[in-house]
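Notes to accompany the following structure.
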Amino acid sequence: DHGVDTTEQLLNFTADRLWESSKEALAIGSQLGEKVILISTSTGGTMALALATAFPDKVFAMINMSPNIEINNPLAYMLNNPWGLQIARLNKGGNYQEIPYEAERKLYWNEKYRLESLVQLQEILEDKMTVDTFQKVTQPTLTLYYYKNEQEQDPTVKVSAMLVMHEALGTPKDLKIAKAIPTAGAHVMGSSLVSEDLESVQQAIEEFAVNQLKMKKIN
């Protein structure tokens with residue numbers, strides 16, 4: 001549902017549909033090569049961690065940029081509680097989350113989408129982003145996050161939750177890396193449209209690929 005152009009964007013987005021879509025993507029990737037390395041951003045990281053736990057024989061490694069472990073809003077927990085959707089509608093003054101973007105970003109981002117999707121997102125996070133899930137992950141994992149100081153950090157998802165996740169991973173310590181990109185300046189650090197330091201993101205990924213995954217550079 002995400003990225004599909006409909007009149008009511010993300011109205012039909014559900015936790016179950018996202019999980020099924022994620023499993024389908026992994027199945028396709030498994031047919032394309034010998035090993036699958038999941039590279040993700042935000043809620044893609046949520047699903048990557050869940051897939052690594054559910055299908056350890058199919059996921060070789062993960063590179064997660066700004067993984068969504070917990071929404072960076074102290075009231076997010078209310079979304080999937082009784083009256084959560086109604087409270088969100090009152091807060092937003094309607095049925096939609098609206099975020100104005102520059103013209104170039106409008107080609108790739110949903111500017112306006114249904115609040116029901118946020119309820120489902122919170123349900124996914126509470127169901128799957130648990131210490132029990134993290135402890136079952138044994139694959140090599142790179143976690144990149146935007147953090148410069150308490151005022152300048154990822155505004156969308158909680159950095160503190162990412163670090164808790166990283167520490168809880170069952171991955172051997174020498175195969176799991178959590179690295180701050182203080183100059184990224186944005187949640188979506190892997191996009192040239194948003195990131196203020198794409199080069200540092202690329203360098204961190206390359207170092208992980210060479211040092212932890214033992215991949216060889218191709219010039």
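FYI, nothing fancy with the structure tokens labels: chains A, B, ... in order, residues from 1 per chain, ligands from 1 as they appear.
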Please produce, as CSV, a per-residue contact table for segment 121-177 of chain A versus segment 42-45 of chain A (criterion: any atom at most 9 Å away, only C-alpha atoms considered), showing the nearest atom pair and its distance in Å to one decimal, sorted by chain then residue number.
```
residue,atom,partner,partner_atom,distance
A:Leu121,CA,A:Thr43,CA,8.5
A:Leu125,CA,A:Thr43,CA,8.9
A:Thr156,CA,A:Ser42,CA,8.8
A:Val157,CA,A:Ser42,CA,7.8
```
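Once segment 188-203 of chain A and its same-chain neighbours fewer than 5 positions away are set aside, Ser40, Thr41, Ser42, Met65, Ser66, Pro67, Glu102, Glu104, Arg105, Tyr108, Leu144, Tyr145, Tyr146, Asp154, Thr156, Lys179, Ala180, Ile181, Pro182, Thr183, Phe208 and Ala209 of chain A remain within 10 Å of it when counting only C-alpha atoms.
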Requested in this report: For Gln122 of chain A, list every protein, DNA or RNA residue within 9 Å, evaluated using only C-alpha atoms, and leave out those in the same chain fewer than 6 positions away; present the list as a PyMOL selection string.
Outcome: chain A and resi 70-71+76-80
**Report entry** Which of segment 53-201 of chain A fall in alpha helix (DSSP H), as a count of residues only
**Finding:** 48
Query raised in the report: Please, which residues of segment 62-196 of chain A, numbered as in this document, come out strand (DSSP E or B) from DSSP, as number ranges by chain?
Result: A: 62-65, 71, 96-98, 112-114, 141-145, 147, 153, 157, 176-180
